[in-house]
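Asks: Dropping in upload-v8.txt, with compact mmCIF, C-alpha atoms and all ligand atoms.
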```
# COMPACT_ATOMS: atom_id res chain seq x y z
CA MET A 140 125.11 81.44 81.55
CA TYR A 141 123.03 84.54 80.92
CA LEU A 142 124.72 87.13 78.74
CA ARG A 143 123.60 90.72 79.31
CA ASP A 144 123.09 92.39 75.94
CA GLU A 145 121.15 95.64 76.15
CA ASN A 146 121.00 96.08 72.38
CA ARG A 147 119.26 92.75 72.05
CA ILE A 148 116.72 93.79 74.70
CA LEU A 149 116.04 97.14 73.00
CA ALA A 150 115.64 95.49 69.61
CA ALA A 151 113.37 92.77 70.98
CA TYR A 152 111.28 95.43 72.71
CA GLU A 153 110.80 97.39 69.47
CA ILE A 154 109.50 94.25 67.78
CA ALA A 155 107.25 93.41 70.73
CA LYS A 156 105.91 96.95 70.71
CA LYS A 157 104.90 96.57 67.05
CA THR A 158 103.33 93.18 67.66
CA TYR A 159 101.23 94.48 70.54
CA SER A 160 100.33 97.66 68.74
CA ALA A 161 98.82 95.59 65.91
CA PHE A 162 96.36 94.34 68.56
CA GLY A 163 95.71 97.84 69.88
CA VAL A 164 97.96 97.62 72.96
CA ASP A 165 100.40 100.39 73.86
CA THR A 166 103.34 98.73 75.62
CA ASP A 167 104.78 102.01 76.94
CA ALA A 168 101.46 102.87 78.59
CA VAL A 169 101.30 99.38 80.07
CA MET A 170 104.73 99.79 81.66
CA GLU A 171 103.55 103.08 83.15
CA ALA A 172 100.43 101.44 84.55
CA PHE A 173 102.51 98.58 85.96
CA SER A 174 104.65 100.96 87.98
CA GLU A 175 101.55 102.28 89.81
CA ILE A 176 100.15 98.94 91.01
CA PRO A 177 101.57 97.82 94.35
CA ILE A 178 102.23 94.33 95.62
CA SER A 179 102.36 93.92 99.38
CA LEU A 180 105.23 91.71 100.49
CA HIS A 181 104.52 89.44 103.46
CA CYS A 182 107.37 90.10 105.87
CA TRP A 183 106.83 86.72 107.58
CA GLN A 184 108.62 84.70 104.86
CA GLY A 185 111.83 86.22 106.21
CA ASP A 186 111.78 84.51 109.62
CA ASP A 187 109.36 81.59 109.22
CA VAL A 188 106.45 83.44 110.90
CA LYS A 189 108.24 83.45 114.26
CA GLY A 190 108.37 87.14 115.12
CA PHE A 191 110.72 88.73 117.60
CA GLU A 192 108.78 88.48 120.84
CA GLU A 193 109.80 86.39 123.79
CA VAL A 194 106.73 84.19 124.06
CA GLY A 195 108.52 81.06 125.21
CA ASP A 196 107.96 77.59 123.88
CA VAL A 197 104.37 77.74 122.61
CA ALA A 198 102.66 75.92 119.75
CA SER A 199 102.65 77.66 116.37
CA GLN A 200 99.48 77.64 114.28
CA ASN A 201 101.43 78.18 111.05
CA LEU A 202 103.21 75.11 109.74
CA VAL A 203 106.61 76.04 108.32
CA THR A 204 109.09 73.37 107.23
CA GLY A 205 112.81 73.53 106.45
CA ASN A 206 115.91 74.86 108.18
CA TYR A 207 117.79 76.77 105.50
CA LEU A 208 120.49 79.04 106.92
CA GLY A 209 120.12 82.75 107.52
CA ALA A 210 116.63 83.53 108.85
CA ALA A 211 116.33 87.14 110.04
CA ARG A 212 116.80 87.26 113.82
CA ASN A 213 115.52 90.76 114.46
CA ALA A 214 113.62 93.56 112.74
CA GLU A 215 116.77 95.21 111.47
CA GLU A 216 117.85 92.05 109.65
CA LEU A 217 114.33 91.54 108.38
CA ARG A 218 114.24 95.06 106.95
CA ALA A 219 117.64 94.55 105.31
CA ASP A 220 116.41 91.30 103.75
CA ILE A 221 113.23 92.94 102.49
CA GLU A 222 115.27 95.77 100.94
CA MET A 223 117.49 93.21 99.26
CA ALA A 224 114.43 91.47 97.80
CA PHE A 225 112.90 94.77 96.64
CA SER A 226 116.11 95.78 94.91
CA LEU A 227 115.66 92.73 92.68
CA SER A 228 112.02 93.32 91.73
CA PRO A 229 110.62 95.93 89.31
CA CYS A 230 107.27 96.08 91.11
CA LYS A 231 105.87 98.89 93.24
CA HIS A 232 106.13 97.60 96.79
CA ARG A 233 104.23 97.65 100.05
CA VAL A 234 105.14 95.69 103.17
CA ASN A 235 102.70 93.55 105.11
CA LEU A 236 103.50 93.33 108.84
CA HIS A 237 102.20 91.33 111.79
CA SER A 238 102.09 92.38 115.43
CA ILE A 239 104.81 89.81 116.26
CA TYR A 240 107.27 92.10 114.44
CA ALA A 241 106.87 95.01 116.88
CA GLU A 242 109.93 96.66 118.40
CA PRO A 243 108.77 97.84 121.82
CA THR A 244 111.40 99.57 123.94
CA GLN A 245 110.45 97.29 126.79
CA VAL A 246 108.69 93.94 126.68
CA LYS A 247 104.90 94.28 126.75
CA PRO A 248 101.89 92.04 126.12
CA ARG A 249 100.98 91.65 122.47
CA ASN A 250 97.57 93.20 123.04
CA GLU A 251 99.06 96.38 124.47
CA LEU A 252 101.13 97.27 121.43
CA THR A 253 100.68 100.73 119.94
CA ALA A 254 101.94 102.47 116.80
CA GLU A 255 104.93 103.66 118.87
CA ASP A 256 106.17 100.07 118.88
CA PHE A 257 106.28 100.16 115.07
CA SER A 258 107.87 103.57 114.75
CA ARG A 259 111.03 102.17 113.17
CA TRP A 260 109.03 100.25 110.60
CA ILE A 261 107.00 103.37 109.87
CA SER A 262 109.95 105.71 109.42
CA TRP A 263 111.75 103.09 107.32
CA ALA A 264 108.67 102.71 105.10
CA LYS A 265 108.26 106.47 104.88
CA GLU A 266 111.84 107.00 103.80
CA ARG A 267 111.55 104.41 101.08
CA GLN A 268 107.95 105.19 100.10
CA TYR A 269 106.52 101.78 100.86
CA GLY A 270 102.93 101.54 102.00
CA LEU A 271 102.31 99.30 105.01
CA ASP A 272 99.63 96.70 105.67
CA PHE A 273 99.01 95.07 109.01
CA ASN A 274 97.69 92.00 110.84
CA ALA A 275 97.23 91.28 114.53
CA SER A 276 98.94 87.92 115.11
CA PHE A 277 96.27 85.66 116.58
CA PHE A 278 98.64 82.71 116.93
CA THR A 279 101.80 81.32 118.57
CA HIS A 280 101.05 82.77 121.99
CA PRO A 281 100.28 81.54 125.52
CA MET A 282 96.85 83.20 125.35
CA MET A 283 95.81 80.92 122.48
CA LYS A 284 93.67 78.32 124.22
CA ASP A 285 93.47 74.93 122.47
CA GLY A 286 94.12 76.82 119.24
CA PHE A 287 91.32 79.32 119.89
CA SER A 288 91.44 83.11 120.12
CA LEU A 289 88.44 85.34 119.23
CA ALA A 290 86.06 82.35 119.29
CA SER A 291 87.25 80.72 122.50
CA ARG A 292 84.73 79.52 125.08
CA ASP A 293 86.89 81.30 127.63
CA LYS A 294 85.90 84.95 127.99
CA ALA A 295 89.31 85.98 129.29
CA VAL A 296 90.88 84.55 126.12
CA ARG A 297 88.41 86.32 123.87
CA ASP A 298 88.87 89.59 125.73
CA TYR A 299 92.63 89.36 125.40
CA TRP A 300 92.38 88.98 121.64
CA ILE A 301 89.61 91.54 121.20
CA LYS A 302 91.97 94.06 122.70
CA ALA A 303 94.71 92.92 120.29
CA GLY A 304 92.26 93.32 117.40
CA LYS A 305 91.32 96.84 118.44
CA GLY A 306 94.95 97.75 118.95
CA ALA A 307 95.86 96.50 115.48
CA ARG A 308 93.25 98.78 113.93
CA ALA A 309 94.59 101.78 115.83
CA ILE A 310 98.14 100.89 114.74
CA SER A 311 96.96 100.52 111.13
CA ALA A 312 95.30 103.94 111.24
CA VAL A 313 98.57 105.56 112.31
CA MET A 314 100.52 103.67 109.65
CA GLY A 315 98.05 104.78 106.99
CA SER A 316 98.04 108.42 108.02
CA GLU A 317 101.81 108.58 108.43
CA LEU A 318 102.41 107.04 105.03
CA GLY A 319 99.58 108.72 103.16
CA THR A 320 98.16 105.45 101.86
CA PRO A 321 95.45 103.39 103.60
CA CYS A 322 96.81 100.49 105.63
CA VAL A 323 94.85 97.27 105.13
CA ASN A 324 94.31 95.55 108.46
CA ASN A 325 93.64 91.84 108.02
CA ILE A 326 92.14 89.47 110.56
CA TRP A 327 92.88 85.79 110.26
CA ILE A 328 92.37 83.46 113.20
CA PRO A 329 93.25 79.76 113.32
CA ASP A 330 90.29 78.85 115.59
CA GLY A 331 88.85 75.49 114.72
CA MET A 332 88.68 71.80 115.59
CA LYS A 333 90.32 68.62 114.46
CA ASP A 334 87.16 66.63 114.94
CA LEU A 335 83.45 67.20 114.67
CA PRO A 336 82.17 69.93 116.96
CA ALA A 337 78.96 69.44 118.88
CA ASN A 338 78.10 73.12 118.77
CA ARG A 339 79.35 74.93 115.71
CA ARG A 340 76.97 77.78 116.27
CA LEU A 341 78.32 78.69 119.69
CA TYR A 342 81.83 79.43 118.37
CA ARG A 343 80.51 81.50 115.50
CA GLU A 344 78.40 83.50 117.92
CA TYR A 345 81.51 84.18 119.97
CA LEU A 346 83.41 85.19 116.85
CA MET A 347 80.61 87.50 115.76
CA ASP A 348 80.52 89.19 119.13
CA SER A 349 84.31 89.56 119.22
CA LEU A 350 84.34 91.13 115.76
CA ASP A 351 81.49 93.48 116.66
CA GLN A 352 83.58 94.74 119.56
CA ILE A 353 86.74 95.03 117.48
CA PHE A 354 84.93 97.08 114.83
CA GLU A 355 83.15 99.43 117.25
CA GLU A 356 85.60 102.25 116.60
CA LYS A 357 85.20 103.85 113.17
CA TYR A 358 88.26 104.92 111.19
CA ASP A 359 88.50 107.02 108.09
CA ARG A 360 88.87 104.94 104.94
CA THR A 361 91.74 107.15 103.84
CA VAL A 362 93.88 105.80 106.68
CA MET A 363 92.81 102.20 107.20
CA ARG A 364 90.59 99.44 105.81
CA ASP A 365 89.44 96.20 107.47
CA VAL A 366 89.45 92.80 105.80
CA LEU A 367 88.58 89.32 107.10
CA GLU A 368 90.38 86.21 105.88
CA GLY A 369 88.35 83.00 105.83
CA LYS A 370 89.63 79.50 105.39
CA LEU A 371 88.33 76.08 104.52
CA PHE A 372 90.45 73.99 106.89
CA GLY A 373 93.91 73.72 108.39
CA ILE A 374 96.14 70.96 109.67
CA GLY A 375 94.59 70.13 113.05
CA THR A 376 91.36 71.93 112.17
CA GLU A 377 90.14 69.57 109.46
CA CYS A 378 86.54 69.28 110.62
CA PHE A 379 85.72 72.80 111.64
CA THR A 380 87.03 76.29 110.93
CA VAL A 381 85.11 78.95 112.84
CA GLY A 382 86.08 81.72 110.40
CA SER A 383 84.72 80.05 107.27
CA HIS A 384 84.31 81.93 103.99
CA GLU A 385 80.53 82.02 104.32
CA PHE A 386 80.70 83.41 107.84
CA TYR A 387 83.05 86.23 106.89
CA LEU A 388 81.35 87.05 103.62
CA ALA A 389 77.98 87.42 105.33
CA TYR A 390 79.57 89.36 108.17
CA ALA A 391 81.42 91.66 105.78
CA VAL A 392 78.34 92.50 103.74
CA LYS A 393 76.26 93.19 106.83
CA ASN A 394 78.91 95.24 108.61
CA HIS A 395 80.58 97.03 105.70
CA VAL A 396 84.04 95.56 106.13
CA GLY A 397 86.24 93.87 103.55
CA ILE A 398 87.32 90.36 102.66
CA CYS A 399 90.77 88.84 102.21
CA MET A 400 90.88 85.92 99.79
CA ASP A 401 93.90 83.65 100.14
CA THR A 402 94.37 81.46 97.07
CA GLY A 403 95.36 78.52 99.29
CA HIS A 404 92.22 78.64 101.39
CA TYR A 405 89.68 77.00 99.10
CA HIS A 406 89.01 73.56 97.65
CA PRO A 407 91.77 72.95 95.09
CA THR A 408 89.34 73.08 92.17
CA GLU A 409 87.85 76.42 93.22
CA SER A 410 89.17 79.51 91.48
CA VAL A 411 89.73 82.81 93.25
CA ALA A 412 89.78 84.40 89.78
CA ASP A 413 86.13 83.45 89.44
CA LYS A 414 85.26 84.65 92.94
CA LEU A 415 86.76 88.09 92.44
CA SER A 416 83.86 89.74 90.63
CA SER A 417 81.37 88.01 92.93
CA VAL A 418 82.96 89.50 96.02
CA ALA A 419 84.70 92.71 94.95
CA MET A 420 81.54 94.33 93.62
CA LEU A 421 79.60 93.75 96.80
CA VAL A 422 81.95 94.18 99.73
CA GLU A 423 83.80 97.27 100.83
CA ASP A 424 87.38 96.13 100.17
CA VAL A 425 89.15 93.06 98.89
CA LEU A 426 92.70 91.96 99.56
CA LEU A 427 94.24 88.96 97.83
CA HIS A 428 96.73 86.73 99.60
CA ILE A 429 98.45 85.21 96.61
CA SER A 430 99.85 81.85 97.61
CA ARG A 431 100.47 78.42 96.07
CA GLY A 432 98.82 75.49 97.69
CA VAL A 433 100.17 72.09 96.70
CA ARG A 434 97.46 69.51 97.51
CA TRP A 435 96.47 71.61 100.52
CA ASP A 436 97.09 75.12 101.91
CA SER A 437 100.81 74.38 101.90
CA ASP A 438 101.98 77.96 101.28
CA HIS A 439 104.56 77.05 98.64
CA VAL A 440 106.56 79.88 97.05
CA LEU A 441 104.53 81.62 94.35
CA ILE A 442 105.53 80.72 90.79
CA GLN A 443 103.99 81.35 87.37
CA GLY A 444 101.24 79.04 86.25
CA ASP A 445 97.61 78.84 85.25
CA GLU A 446 96.26 79.84 88.64
CA LEU A 447 98.37 82.97 88.96
CA SER A 448 97.83 83.99 85.36
CA SER A 449 94.05 83.54 85.52
CA LEU A 450 93.98 85.62 88.68
CA MET A 451 95.95 88.45 87.07
CA LEU A 452 93.90 88.24 83.88
CA GLU A 453 90.75 88.55 85.93
CA MET A 454 92.22 91.57 87.72
CA LYS A 455 92.74 93.13 84.30
CA ARG A 456 89.48 92.06 82.67
CA GLY A 457 87.37 93.09 85.64
CA GLY A 458 89.14 96.43 86.08
CA PHE A 459 90.28 95.44 89.59
CA PHE A 460 93.89 96.61 89.40
CA GLY A 461 94.27 99.53 91.79
CA LYS A 462 91.02 98.64 93.57
CA VAL A 463 91.63 95.12 94.86
CA GLY A 464 94.76 94.88 96.98
CA MET A 465 97.38 92.25 96.20
CA GLY A 466 99.62 90.71 98.84
CA LEU A 467 101.76 87.62 98.80
CA ASP A 468 101.39 84.93 101.47
CA TYR A 469 103.62 81.87 101.63
CA PHE A 470 106.53 80.65 103.67
CA ASP A 471 109.24 78.19 102.85
CA ALA A 472 112.21 77.66 105.15
CA SER A 473 113.87 75.08 102.91
CA ILE A 474 115.38 77.55 100.41
CA ASN A 475 117.00 80.97 100.70
CA ARG A 476 114.28 83.19 102.15
CA VAL A 477 115.23 86.30 100.15
CA ALA A 478 115.19 84.20 96.98
CA ALA A 479 111.74 82.91 98.01
CA TRP A 480 110.50 86.51 98.11
CA VAL A 481 112.15 87.43 94.81
CA ILE A 482 110.79 84.38 93.00
CA GLY A 483 107.28 85.27 94.17
CA LEU A 484 107.57 88.98 93.43
CA ARG A 485 108.95 88.40 89.95
CA ALA A 486 106.35 85.72 89.24
CA ALA A 487 103.56 88.05 90.35
CA GLY A 488 105.11 90.91 88.36
CA LYS A 489 105.45 88.89 85.16
CA ALA A 490 101.91 87.55 85.43
CA MET A 491 100.62 91.07 86.11
CA LEU A 492 102.51 92.57 83.19
CA THR A 493 101.33 89.81 80.84
CA ALA A 494 97.75 90.42 81.96
CA LEU A 495 98.04 94.18 81.49
CA LEU A 496 99.35 93.55 77.98
CA GLU A 497 96.45 91.31 76.98
CA PRO A 498 94.38 92.78 74.12
CA THR A 499 91.29 92.33 76.28
CA ALA A 500 89.11 94.62 74.16
CA LEU A 501 89.29 92.14 71.27
CA LEU A 502 88.10 89.32 73.53
CA GLU A 503 85.23 91.39 74.79
CA GLU A 504 84.20 92.37 71.27
CA ALA A 505 84.17 88.73 70.20
CA GLU A 506 82.08 87.83 73.23
CA ALA A 507 79.62 90.67 72.66
CA ARG A 508 78.95 89.52 69.10
CA GLY A 509 78.47 85.95 70.31
CA ASP A 510 81.57 84.79 68.48
CA TYR A 511 82.85 82.35 71.08
CA THR A 512 85.02 80.65 68.48
CA SER A 513 87.10 83.79 68.10
CA ARG A 514 87.07 84.45 71.83
CA LEU A 515 88.67 81.08 72.60
CA ALA A 516 91.02 81.19 69.60
CA LEU A 517 92.23 84.69 70.52
CA MET A 518 92.68 83.84 74.20
CA GLU A 519 94.88 80.96 73.13
CA GLU A 520 96.92 83.07 70.68
CA PHE A 521 97.36 85.90 73.19
CA LYS A 522 99.11 83.56 75.59
CA ASN A 523 102.13 83.64 73.30
CA LEU A 524 102.45 87.35 72.63
CA PRO A 525 105.97 88.59 73.41
CA SER A 526 105.39 89.77 76.98
CA GLY A 527 108.88 88.49 77.90
CA ALA A 528 110.47 91.21 75.77
CA VAL A 529 108.43 93.88 77.56
CA TRP A 530 109.39 92.35 80.92
CA GLU A 531 113.09 92.59 80.05
CA MET A 532 112.61 96.19 78.93
CA LEU A 533 110.87 96.96 82.21
CA LEU A 534 113.78 95.47 84.17
CA LEU A 535 116.23 97.49 82.12
CA LYS A 536 114.24 100.72 82.61
CA THR A 537 113.89 100.22 86.36
CA GLY A 538 117.53 99.19 86.75
CA ARG A 539 116.62 95.75 88.06
CA PRO A 540 118.66 92.62 87.35
CA LEU A 541 117.82 90.81 84.14
CA ASN A 542 117.07 87.13 83.86
CA THR A 543 119.16 85.07 86.32
CA GLU A 544 121.43 87.97 87.36
CA TRP A 545 119.36 88.41 90.53
CA LEU A 546 120.19 84.88 91.63
CA GLU A 547 123.90 85.63 91.65
CA MET A 548 123.16 88.68 93.79
CA VAL A 549 121.18 86.61 96.28
CA LYS A 550 123.98 84.03 96.41
CA LYS A 551 126.41 86.82 97.22
CA TYR A 552 124.05 88.23 99.87
CA GLU A 553 123.76 84.77 101.35
CA ALA A 554 127.54 84.39 101.54
CA ASP A 555 128.19 87.93 102.84
CA VAL A 556 125.21 88.45 105.14
CA GLN A 557 122.82 85.59 105.79
CA SER A 558 125.39 82.85 106.34
CA LYS A 559 126.97 84.93 109.11
CA ARG A 560 123.80 84.68 111.21
CA HIS A 561 123.96 81.91 113.76
C1 LIG A 601 96.99 81.42 107.36
C2 LIG A 601 96.68 82.67 106.63
C3 LIG A 601 97.35 83.91 107.15
C4 LIG A 601 98.78 83.70 107.55
C5 LIG A 601 99.50 84.96 107.94
C6 LIG A 601 100.73 84.68 108.72
O1 LIG A 601 96.41 80.32 106.79
O2 LIG A 601 96.94 82.51 105.27
O3 LIG A 601 97.21 84.93 106.22
O4 LIG A 601 99.50 83.10 106.53
O5 LIG A 601 98.64 85.81 108.60
ZN ZN A 602 96.74 84.30 104.05
```
What's the structure tokens form of this structure?
Ligand code: RNT
Ligand code: ZN
Replies:
Amino acid sequence: MYLRDENRILAAYEIAKKTYSAFGVDTDAVMEAFSEIPISLHCWQGDDVKGFEEVGDVASQNLVTGNYLGAARNAEELRADIEMAFSLSPCKHRVNLHSIYAEPTQVKPRNELTAEDFSRWISWAKERQYGLDFNASFFTHPMMKDGFSLASRDKAVRDYWIKAGKGARAISAVMGSELGTPCVNNIWIPDGMKDLPANRRLYREYLMDSLDQIFEEKYDRTVMRDVLEGKLFGIGTECFTVGSHEFYLAYAVKNHVGICMDTGHYHPTESVADKLSSVAMLVEDVLLHISRGVRWDSDHVLIQGDELSSLMLEMKRGGFFGKVGMGLDYFDASINRVAAWVIGLRAAGKAMLTALLEPTALLEEAEARGDYTSRLALMEEFKNLPSGAVWEMLLLKTGRPLNTEWLEMVKKYEADVQSKRH
């Protein structure tokens, strides 16, 4: 059982502060910096990417497994669950929405949604000072044809989704201007084929034309930014993904839009940490979808580990914090969904804090003098600096639950709120 002892935390922090200061790192300044760097929470973990529309019994292009009790059944419950998760995380928060979470006063087609239909989300975010990010949902809908949207052979299908894509940008622009922080509008489409296509080029031509139409309207960068999320393959699209990384990267460079890199969307041995400086320097904007793929793009709940820590260290070493956006993207319906958010937020927060605390300057100095022995030795030593003591201090300062205290709070929330949803 965890025993809360604030004196122990304060004393441990003082020691940690001295340890870090010996390496030239100011732990107080790091905590300040931490509180300015937002993480965008993916709302779709709260309801298994279902949304609240009445679309009938259509195929979903996002594979979610599990049937744990208590999924949010409407936007109000989803907002309450998100607030619960945020109250247990010391991070600065944004919320990432999808068009399936609209609250229109009367039922309307997904591609006719406007910012009005998100007015509750917007005023909620405004009140609580969360930024918003957005995505048109190009999936789980009768207008998806054989799993295709923007790259369909069928012009009526493409036109439907082009309109949805344009609408999403207009919605994002309102969100960004209302909230005073640019809304990142992401486009991910599941279009692809299980088996070998005869004409890859045709679908990519369709996609290019659809994107050109979607991006016709220009918006001020202070209100919204566009990013494109590529993917290697999906279940059912093993042989061909129209929106591949190469396609989007080339498109983004040519057309001055941004890129979204999802850590589950590459070959398992590829590293998004390594890609960051290749992409972020040369495209307009970069958003990360931080996920955990287990053997494939399985969207497991984010936890600490080498992949997450190398990504955060690269954010620090490359000076990308504050410039490259960070969002979470995973969905697990087999455990408490609020806990799934909290585990991911706290994992991302700890990895981010540890990275911010790294005495990076010493590594760079060693590298610059060609002393690779010291560089490797120091990297290894720095892994065990007392970042945990700074983390506990941060939780104490922000009034967030320490250690496992949050779990008890989620258990209580589950008993009082989530288990009552049937
Ligand atoms: C799917 C992509 C995409 C989705 C969300 C729901 O492979 O990662 O980002 O997870 O848009
Ligand atoms: Zn993603």
Asks: Have a look at CA of Gly319 (chain A) and CA of Asp186 (chain A) and let me know their distance in Å, one decimal.
Replies: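 Those two atoms sit 27.9 Å apart.
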Asks: Can you work out which residues are within 6 Å of ligand ZN 602 (chain A), considering only C-alpha atoms and all ligand atoms, and then hand them over as number ranges by chain?
Replies: A: 401, 428, 468
Asks: Find the distance between CA of Thr376 (chain A) and CA of Lys333 (chain A) and write it in Å to one decimal.
Replies: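 Answer for the CA of Thr376 (chain A) to CA of Lys333 (chain A) separation: 4.2 Å.
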Asks: Wanna dump the chain A-ligand LIG 601 (chain A) contacts at 9 Å for me, each residue with its shortest atom pair and the distance in Å to one decimal, counting only C-alpha atoms and all ligand atoms, ordered by chain and number, as a Markdown table?
Replies:
```
| residue | atom | partner | partner_atom | distance |
| --- | --- | --- | --- | --- |
| A:His181 | CA | A:LIG601 | C6 | 8.0 |
| A:Trp183 | CA | A:LIG601 | C6 | 6.5 |
| A:Gln184 | CA | A:LIG601 | C6 | 8.8 |
| A:Val188 | CA | A:LIG601 | C6 | 6.2 |
| A:Gln200 | CA | A:LIG601 | C1 | 8.3 |
| A:Asn201 | CA | A:LIG601 | C1 | 6.6 |
| A:Leu236 | CA | A:LIG601 | O5 | 9.0 |
| A:His237 | CA | A:LIG601 | O5 | 7.3 |
| A:Asn274 | CA | A:LIG601 | O5 | 6.7 |
| A:Ala275 | CA | A:LIG601 | O5 | 8.2 |
| A:Ser276 | CA | A:LIG601 | O5 | 6.8 |
| A:Phe277 | CA | A:LIG601 | O5 | 8.3 |
| A:Phe278 | CA | A:LIG601 | C6 | 8.7 |
| A:Asn325 | CA | A:LIG601 | O5 | 7.9 |
| A:Ile326 | CA | A:LIG601 | O5 | 7.7 |
| A:Trp327 | CA | A:LIG601 | C3 | 5.8 |
| A:Ile328 | CA | A:LIG601 | C1 | 7.7 |
| A:Pro329 | CA | A:LIG601 | C1 | 7.2 |
| A:Glu368 | CA | A:LIG601 | O3 | 7.0 |
| A:Gly369 | CA | A:LIG601 | C2 | 8.4 |
| A:Lys370 | CA | A:LIG601 | O1 | 7.0 |
| A:Phe372 | CA | A:LIG601 | O1 | 8.7 |
| A:Gly373 | CA | A:LIG601 | O1 | 7.2 |
| A:Cys399 | CA | A:LIG601 | O3 | 8.5 |
| A:Met400 | CA | A:LIG601 | O2 | 8.9 |
| A:Asp401 | CA | A:LIG601 | O2 | 6.1 |
| A:Thr402 | CA | A:LIG601 | O2 | 8.7 |
| A:Gly403 | CA | A:LIG601 | O2 | 7.4 |
| A:His404 | CA | A:LIG601 | O1 | 7.0 |
| A:His428 | CA | A:LIG601 | O3 | 6.9 |
| A:Ser430 | CA | A:LIG601 | O2 | 8.2 |
| A:Asp436 | CA | A:LIG601 | O1 | 7.2 |
| A:Ser437 | CA | A:LIG601 | O1 | 8.9 |
| A:Asp438 | CA | A:LIG601 | O4 | 7.8 |
| A:Asp468 | CA | A:LIG601 | O4 | 5.7 |
| A:Tyr469 | CA | A:LIG601 | O4 | 6.5 |
| A:Phe470 | CA | A:LIG601 | O4 | 8.0 |
```
Asks: Restricting it to C-alpha atoms, dump the selection as a PDB file, keeping the file's coordinate frame.
Replies:
```
ATOM      1  CA  HIS A 181     104.520  89.440 103.460  1.00  0.00           C
ATOM      2  CA  TRP A 183     106.830  86.720 107.580  1.00  0.00           C
ATOM      3  CA  GLN A 184     108.620  84.700 104.860  1.00  0.00           C
ATOM      4  CA  VAL A 188     106.450  83.440 110.900  1.00  0.00           C
ATOM      5  CA  GLN A 200      99.480  77.640 114.280  1.00  0.00           C
ATOM      6  CA  ASN A 201     101.430  78.180 111.050  1.00  0.00           C
ATOM      7  CA  LEU A 236     103.500  93.330 108.840  1.00  0.00           C
ATOM      8  CA  HIS A 237     102.200  91.330 111.790  1.00  0.00           C
ATOM      9  CA  ASN A 274      97.690  92.000 110.840  1.00  0.00           C
ATOM     10  CA  ALA A 275      97.230  91.280 114.530  1.00  0.00           C
ATOM     11  CA  SER A 276      98.940  87.920 115.110  1.00  0.00           C
ATOM     12  CA  PHE A 277      96.270  85.660 116.580  1.00  0.00           C
ATOM     13  CA  PHE A 278      98.640  82.710 116.930  1.00  0.00           C
ATOM     14  CA  ASN A 325      93.640  91.840 108.020  1.00  0.00           C
ATOM     15  CA  ILE A 326      92.140  89.470 110.560  1.00  0.00           C
ATOM     16  CA  TRP A 327      92.880  85.790 110.260  1.00  0.00           C
ATOM     17  CA  ILE A 328      92.370  83.460 113.200  1.00  0.00           C
ATOM     18  CA  PRO A 329      93.250  79.760 113.320  1.00  0.00           C
ATOM     19  CA  GLU A 368      90.380  86.210 105.880  1.00  0.00           C
ATOM     20  CA  GLY A 369      88.350  83.000 105.830  1.00  0.00           C
ATOM     21  CA  LYS A 370      89.630  79.500 105.390  1.00  0.00           C
ATOM     22  CA  PHE A 372      90.450  73.990 106.890  1.00  0.00           C
ATOM     23  CA  GLY A 373      93.910  73.720 108.390  1.00  0.00           C
ATOM     24  CA  CYS A 399      90.770  88.840 102.210  1.00  0.00           C
ATOM     25  CA  MET A 400      90.880  85.920  99.790  1.00  0.00           C
ATOM     26  CA  ASP A 401      93.900  83.650 100.140  1.00  0.00           C
ATOM     27  CA  THR A 402      94.370  81.460  97.070  1.00  0.00           C
ATOM     28  CA  GLY A 403      95.360  78.520  99.290  1.00  0.00           C
ATOM     29  CA  HIS A 404      92.220  78.640 101.390  1.00  0.00           C
ATOM     30  CA  HIS A 428      96.730  86.730  99.600  1.00  0.00           C
ATOM     31  CA  SER A 430      99.850  81.850  97.610  1.00  0.00           C
ATOM     32  CA  ASP A 436      97.090  75.120 101.910  1.00  0.00           C
ATOM     33  CA  SER A 437     100.810  74.380 101.900  1.00  0.00           C
ATOM     34  CA  ASP A 438     101.980  77.960 101.280  1.00  0.00           C
ATOM     35  CA  ASP A 468     101.390  84.930 101.470  1.00  0.00           C
ATOM     36  CA  TYR A 469     103.620  81.870 101.630  1.00  0.00           C
ATOM     37  CA  PHE A 470     106.530  80.650 103.670  1.00  0.00           C
TER      38      PHE A 470
END
```
Asks: Hey, can you check how far CA of Gly190 (chain A) sits from CA of Thr361 (chain A)?
Replies: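 According to the coordinates, CA of Gly190 (chain A) and CA of Thr361 (chain A) are separated by 28.4 Å.
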Asks: What box, with edges along x, y and z, holds each listed atom of region 503-518 of chain A when 8 Å is added on every side, and can you state its centre and edge lengths in Å to one decimal, as lines of an AutoDock Vina configuration file?
Replies:
```
center_x = 85.6
center_y = 86.5
center_z = 71.4
size_x = 30.2
size_y = 27.7
size_z = 22.7
```
